[in-house]
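Student: The structure follows.
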Amino acid sequence: MIKKVLVSGCFDMLHSGHIAFIKSAAEFGDVYVCIGSDQTVYELKKRYPVNTENERKYLLEALLNVHEVCIGSGSGYLDFLPELDRIKPDIFVVNEDGFSKEKEQLCIDNGIELIVLKREPHAGLPARSTTELRKINKIPFRIDLAGGWLDQPFVSMHAGGAVITISIEPDHDFNERSGMASSTRKMATELWQNQLPTGNEELLAKMLFAYENPPGKTEVAGSQDAIGIVFAGLNKSNYEGAYWPKSIDSVNDESIINFIEKHLYLVSLGPRKNGYDVLARTNIDKQGVQALAKATEECWAAILHKDLAAFGMAFTRSFEAQVRMFPEMVDDSIYEMIAKYKDLALGWKVSGAGGGGYLILVSDQIITGAIQIKIRRKIAQ
């Protein structure tokens, strides 16, 4: 007769290490998996699992090598005891990390064979563990496509205007101090560890903005950074002389998101100079702010209509309006880089002032050696 094999564990964030373990256990018979409940995981690890007990059960039930999945109805380290009494397994399989004297004695007392497996990844695959996966920082970056600086009251007090942002998946080792809200991202990591929480996007963005700008801070970080990180997809924040926008327009249409991803390219720039100060020389007035706001609205309309030529022109006009007010945003090396790519692009801007970031290009052709970004999609809640 086929033997019954019991395995237990959290099985959160199902990965290749879990699959390899279950496949190995299945060599001894029919595999019964007992997973820790959400409450048990919290009691043992002082945190809830990323995936709920029902989701973890659903994922494991879909595996070919699994005969049955149940949620442990007990508590503590041996929360599977009620299920063990019901299933009456012939074999209990654990890996080296899961072995304990308590489990060994339990098997002796119940006449169950205990098999301890080495933690070995499938051939050609890296070793995986949920603990290591949890360390991967999934907090997004952001890019402002147009209107940057209008989130600062000392700019938008002259005339209202918008900032267009996209939330970027962290699937590249983007430069620090790149103008992609890396400082705000660090604040988000302090606040939420390695993953954005679910919930109302505007409330979460306000929380992040307040955390980065506590009372008494002299240089307030613009709110477009927090909004650009927290709000998925494409967003237009409309400012009228205040730190927080009057309204936020969000777009998560897949065809528009794909349009931006397909035509946006990032080329790494040289490092920012020591002692750099973007505010050292400014020329901010109503006319300049209005020019930036107008270019931003044109950029927004072009994106929504998926008009690539208009997108490129408005993209550049927004950048040029920024530079007229903040000439220290660029130097000769940045202009030299723009000149190299001008014939390949329909529009251009820099992600961060003074270098250290990326030259962002709008193009209808593939740009060799450039990075293409992935925009974070909105998940239905």
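Chain labels follow the order of the structure tokens: the first chain is A, the next B, and so on; residue numbering restarts at 1 in every chain, and ligands are counted from 1 in their shown order.
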When you look at Glu336 in chain A with a cut-off of 12 Å (counting only C-alpha atoms), what residues show up, excluding the ones that are within fewer than 4 positions of it in the same chain? I need them as a list in words.
Tutor: Leu269, Gly270, Val330, Asp331, Asp332, Lys340, Tyr341, Lys342 and Leu359 of chain A
Student: Quick one: residues within 12 Å of Asp307 in chain A, only C-alpha atoms, excluding same-chain residues fewer than 2 positions away - as an MDAnalysis selection string?
Tutor: chainID A and resid 256 259:260 263 298:305 309:315 346 362:364
Student: Restricting it to N, CA and C atoms, dump the selection as an mmCIF file, in the first residue's frame.
Tutor:
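Below is the file that was written, result.cif:
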data_model
loop_
_atom_site.group_PDB
_atom_site.id
_atom_site.type_symbol
_atom_site.label_atom_id
_atom_site.label_comp_id
_atom_site.auth_asym_id
_atom_site.auth_seq_id
_atom_site.Cartn_x
_atom_site.Cartn_y
_atom_site.Cartn_z
ATOM 1 N N ILE A 256 -2.429 52.267 -22.223
ATOM 2 C CA ILE A 256 -1.656 53.492 -21.980
ATOM 3 C C ILE A 256 -0.370 53.166 -21.220
ATOM 4 N N PHE A 259 1.984 51.671 -23.631
ATOM 5 C CA PHE A 259 2.495 52.715 -24.523
ATOM 6 C C PHE A 259 3.698 53.413 -23.899
ATOM 7 N N ILE A 260 3.589 53.781 -22.632
ATOM 8 C CA ILE A 260 4.706 54.462 -21.952
ATOM 9 C C ILE A 260 5.904 53.525 -21.834
ATOM 10 N N HIS A 263 8.005 52.996 -25.057
ATOM 11 C CA HIS A 263 8.708 54.109 -25.690
ATOM 12 C C HIS A 263 9.595 54.909 -24.755
ATOM 13 N N GLU A 298 0.014 69.396 -21.883
ATOM 14 C CA GLU A 298 0.172 68.878 -23.249
ATOM 15 C C GLU A 298 0.743 67.463 -23.219
ATOM 16 N N CYS A 299 1.663 67.223 -22.300
ATOM 17 C CA CYS A 299 2.258 65.897 -22.139
ATOM 18 C C CYS A 299 1.190 64.888 -21.703
ATOM 19 N N TRP A 300 0.357 65.285 -20.756
ATOM 20 C CA TRP A 300 -0.721 64.421 -20.254
ATOM 21 C C TRP A 300 -1.687 64.050 -21.379
ATOM 22 N N ALA A 301 -2.106 65.058 -22.156
ATOM 23 C CA ALA A 301 -3.042 64.805 -23.258
ATOM 24 C C ALA A 301 -2.421 63.874 -24.295
ATOM 25 N N ALA A 302 -1.143 64.080 -24.604
ATOM 26 C CA ALA A 302 -0.467 63.235 -25.594
ATOM 27 C C ALA A 302 -0.390 61.788 -25.135
ATOM 28 N N ILE A 303 -0.118 61.586 -23.849
ATOM 29 C CA ILE A 303 -0.042 60.220 -23.326
ATOM 30 C C ILE A 303 -1.411 59.547 -23.406
ATOM 31 N N LEU A 304 -2.457 60.251 -22.980
ATOM 32 C CA LEU A 304 -3.799 59.662 -22.986
ATOM 33 C C LEU A 304 -4.255 59.313 -24.405
ATOM 34 N N HIS A 305 -3.813 60.105 -25.385
ATOM 35 C CA HIS A 305 -4.167 59.830 -26.785
ATOM 36 C C HIS A 305 -3.142 58.922 -27.473
ATOM 37 N N ALA A 309 4.603 61.365 -31.049
ATOM 38 C CA ALA A 309 5.316 62.579 -31.451
ATOM 39 C C ALA A 309 4.976 63.733 -30.513
ATOM 40 N N ALA A 310 3.698 63.883 -30.192
ATOM 41 C CA ALA A 310 3.288 64.951 -29.273
ATOM 42 C C ALA A 310 3.829 64.711 -27.868
ATOM 43 N N PHE A 311 3.868 63.459 -27.446
ATOM 44 C CA PHE A 311 4.434 63.097 -26.149
ATOM 45 C C PHE A 311 5.895 63.531 -26.080
ATOM 46 N N GLY A 312 6.665 63.195 -27.114
ATOM 47 C CA GLY A 312 8.081 63.553 -27.134
ATOM 48 C C GLY A 312 8.307 65.055 -27.072
ATOM 49 N N MET A 313 7.518 65.818 -27.852
ATOM 50 C CA MET A 313 7.689 67.279 -27.874
ATOM 51 C C MET A 313 7.333 67.904 -26.528
ATOM 52 N N ALA A 314 6.203 67.481 -25.954
ATOM 53 C CA ALA A 314 5.782 68.051 -24.672
ATOM 54 C C ALA A 314 6.735 67.635 -23.549
ATOM 55 N N PHE A 315 7.241 66.428 -23.628
ATOM 56 C CA PHE A 315 8.217 65.908 -22.675
ATOM 57 C C PHE A 315 9.442 66.818 -22.634
ATOM 58 N N LEU A 346 12.597 61.268 -29.646
ATOM 59 C CA LEU A 346 11.569 62.271 -29.941
ATOM 60 C C LEU A 346 11.441 63.277 -28.800
ATOM 61 N N VAL A 362 12.251 59.560 -24.907
ATOM 62 C CA VAL A 362 11.050 59.045 -25.568
ATOM 63 C C VAL A 362 11.457 58.719 -26.991
ATOM 64 N N SER A 363 11.265 57.482 -27.393
ATOM 65 C CA SER A 363 11.758 57.079 -28.713
ATOM 66 C C SER A 363 10.824 56.079 -29.375
ATOM 67 N N ASP A 364 10.813 56.107 -30.706
ATOM 68 C CA ASP A 364 10.030 55.136 -31.483
ATOM 69 C C ASP A 364 10.923 54.010 -32.001
#
Student: Looking only at the backbone, which of the residues in range 27-194 of chain A does DSSP tag as strand (DSSP E), as a PyMOL selection string?
Tutor: chain A and resi 30-35+66-71+91-95+113-117+141-146+161-168
Student: Dump N, CA and C atoms for the selected residues as a short mmCIF file (atom, residue, chain, number, x, y, z; two decimals), in the first residue's frame?
Tutor:
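Now in selection_32.cif:
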data_model
loop_
_atom_site.label_atom_id
_atom_site.label_comp_id
_atom_site.auth_asym_id
_atom_site.auth_seq_id
_atom_site.Cartn_x
_atom_site.Cartn_y
_atom_site.Cartn_z
N ASP A 30 2.16 9.29 -0.59
CA ASP A 30 1.20 10.39 -0.78
C ASP A 30 1.48 11.49 0.24
N VAL A 31 1.62 12.72 -0.26
CA VAL A 31 2.01 13.83 0.60
C VAL A 31 0.77 14.56 1.15
N TYR A 32 0.72 14.66 2.46
CA TYR A 32 -0.29 15.45 3.17
C TYR A 32 0.43 16.66 3.76
N VAL A 33 -0.01 17.84 3.38
CA VAL A 33 0.64 19.06 3.85
C VAL A 33 -0.23 19.73 4.89
N CYS A 34 0.34 20.02 6.04
CA CYS A 34 -0.37 20.75 7.10
C CYS A 34 0.32 22.10 7.26
N ILE A 35 -0.39 23.18 6.93
CA ILE A 35 0.21 24.51 7.00
C ILE A 35 -0.20 25.22 8.29
N VAL A 66 0.99 16.84 -4.39
CA VAL A 66 0.31 16.99 -3.10
C VAL A 66 -1.02 16.24 -3.12
N HIS A 67 -1.23 15.38 -2.13
CA HIS A 67 -2.46 14.59 -2.03
C HIS A 67 -3.56 15.36 -1.29
N GLU A 68 -3.17 16.07 -0.22
CA GLU A 68 -4.16 16.82 0.57
C GLU A 68 -3.46 17.94 1.31
N VAL A 69 -4.17 19.05 1.49
CA VAL A 69 -3.65 20.19 2.26
C VAL A 69 -4.66 20.55 3.34
N CYS A 70 -4.18 20.77 4.55
CA CYS A 70 -5.05 21.19 5.64
C CYS A 70 -4.37 22.30 6.43
N ILE A 71 -5.16 23.07 7.14
CA ILE A 71 -4.65 24.15 7.98
C ILE A 71 -4.59 23.64 9.42
N ILE A 91 4.97 8.26 7.62
CA ILE A 91 6.27 8.95 7.55
C ILE A 91 6.04 10.43 7.81
N PHE A 92 6.97 11.05 8.54
CA PHE A 92 6.97 12.50 8.74
C PHE A 92 8.28 13.02 8.14
N VAL A 93 8.16 13.90 7.12
CA VAL A 93 9.34 14.41 6.43
C VAL A 93 9.56 15.87 6.82
N VAL A 94 10.79 16.18 7.23
CA VAL A 94 11.18 17.55 7.54
C VAL A 94 12.50 17.84 6.83
N ASN A 95 12.83 19.12 6.68
CA ASN A 95 14.19 19.44 6.21
C ASN A 95 15.05 19.73 7.42
N GLU A 113 7.89 6.97 11.05
CA GLU A 113 9.26 7.10 10.57
C GLU A 113 9.56 8.58 10.31
N LEU A 114 10.66 9.07 10.84
CA LEU A 114 11.07 10.46 10.62
C LEU A 114 12.19 10.49 9.59
N ILE A 115 11.99 11.25 8.53
CA ILE A 115 13.00 11.42 7.48
C ILE A 115 13.40 12.88 7.43
N VAL A 116 14.70 13.14 7.54
CA VAL A 116 15.22 14.52 7.51
C VAL A 116 15.94 14.72 6.17
N LEU A 117 15.45 15.68 5.38
CA LEU A 117 16.02 15.96 4.06
C LEU A 117 16.98 17.14 4.14
N PHE A 141 10.16 52.67 -7.14
CA PHE A 141 10.72 53.99 -7.39
C PHE A 141 9.64 54.81 -8.11
N ARG A 142 9.95 56.04 -8.43
CA ARG A 142 9.02 56.82 -9.26
C ARG A 142 9.80 57.68 -10.24
N ILE A 143 9.17 57.95 -11.36
CA ILE A 143 9.71 58.89 -12.35
C ILE A 143 8.67 59.99 -12.54
N ASP A 144 9.12 61.26 -12.52
CA ASP A 144 8.19 62.33 -12.91
C ASP A 144 8.41 62.59 -14.40
N LEU A 145 7.35 62.41 -15.16
CA LEU A 145 7.44 62.58 -16.61
C LEU A 145 7.40 64.05 -17.03
N ALA A 146 6.71 64.87 -16.24
CA ALA A 146 6.60 66.30 -16.57
C ALA A 146 6.11 67.04 -15.33
N GLY A 161 -0.35 74.19 -11.32
CA GLY A 161 0.11 73.27 -12.36
C GLY A 161 0.21 71.86 -11.83
N ALA A 162 0.47 70.92 -12.71
CA ALA A 162 0.47 69.50 -12.34
C ALA A 162 1.85 68.88 -12.47
N VAL A 163 2.01 67.75 -11.78
CA VAL A 163 3.19 66.90 -11.93
C VAL A 163 2.70 65.51 -12.34
N ILE A 164 3.27 64.97 -13.40
CA ILE A 164 2.90 63.64 -13.90
C ILE A 164 3.93 62.64 -13.43
N THR A 165 3.49 61.58 -12.75
CA THR A 165 4.41 60.58 -12.23
C THR A 165 3.98 59.17 -12.64
N ILE A 166 4.95 58.27 -12.66
CA ILE A 166 4.68 56.84 -12.83
C ILE A 166 5.42 56.09 -11.73
N SER A 167 4.78 55.06 -11.21
CA SER A 167 5.37 54.21 -10.17
C SER A 167 6.11 53.07 -10.84
N ILE A 168 7.38 52.86 -10.48
CA ILE A 168 8.28 51.96 -11.20
C ILE A 168 8.64 50.74 -10.34
#
Student: Can you tell me which residues surround Tyr276 in chain A at a distance of at most 9 Å, considering only C-alpha atoms, apart from same-chain residues fewer than 3 positions away, and format the answer as an NGL selection string?
Tutor: :A and (272-273 or 280 or 328 or 354)
Student: Mind writing the picked residues with N, CA and C atoms as a tab-separated table (two decimals), in the first residue's frame?
Tutor:
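What ended up in selection-v8.tsv:
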chain	number	residue	atom	x	y	z
A	272	ARG	N	26.86	63.01	-9.83
A	272	ARG	CA	26.63	64.40	-9.45
A	272	ARG	C	27.89	64.95	-8.77
A	273	LYS	N	28.21	66.21	-9.02
A	273	LYS	CA	29.42	66.80	-8.44
A	273	LYS	C	29.24	67.06	-6.95
A	280	ALA	N	21.09	77.00	-6.36
A	280	ALA	CA	22.10	78.05	-6.31
A	280	ALA	C	21.76	79.21	-7.24
A	328	GLU	N	20.72	75.19	-12.89
A	328	GLU	CA	21.71	74.27	-12.33
A	328	GLU	C	21.29	72.80	-12.49
A	354	GLY	N	21.32	67.76	-12.01
A	354	GLY	CA	22.77	67.81	-11.87
A	354	GLY	C	23.51	66.51	-12.08
Student: As a VMD selection string, please: the residues near Lys4 in chain A (cut-off 6 Å, only C-alpha atoms, same-chain neighbours under 3 positions excluded).
Tutor: chain A and resid 29 to 30 89 to 90
Student: So which one's closest to Ala242 in chain A, A:Ala295, A:Met157, A:Leu308, A:Val7? Using only C-alpha atoms, please.
Tutor: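 Result for the nearest residue to Ala242 in chain A: A:Met157.
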Student: Write out as a PyMOL selection string the residues lying within 7 Å of range 180-187 of chain A, counting only C-alpha atoms and excluding same-chain residues fewer than 2 positions away.
Tutor: chain A and resi 139+141-143+176-178+189-191+212+225-226+351
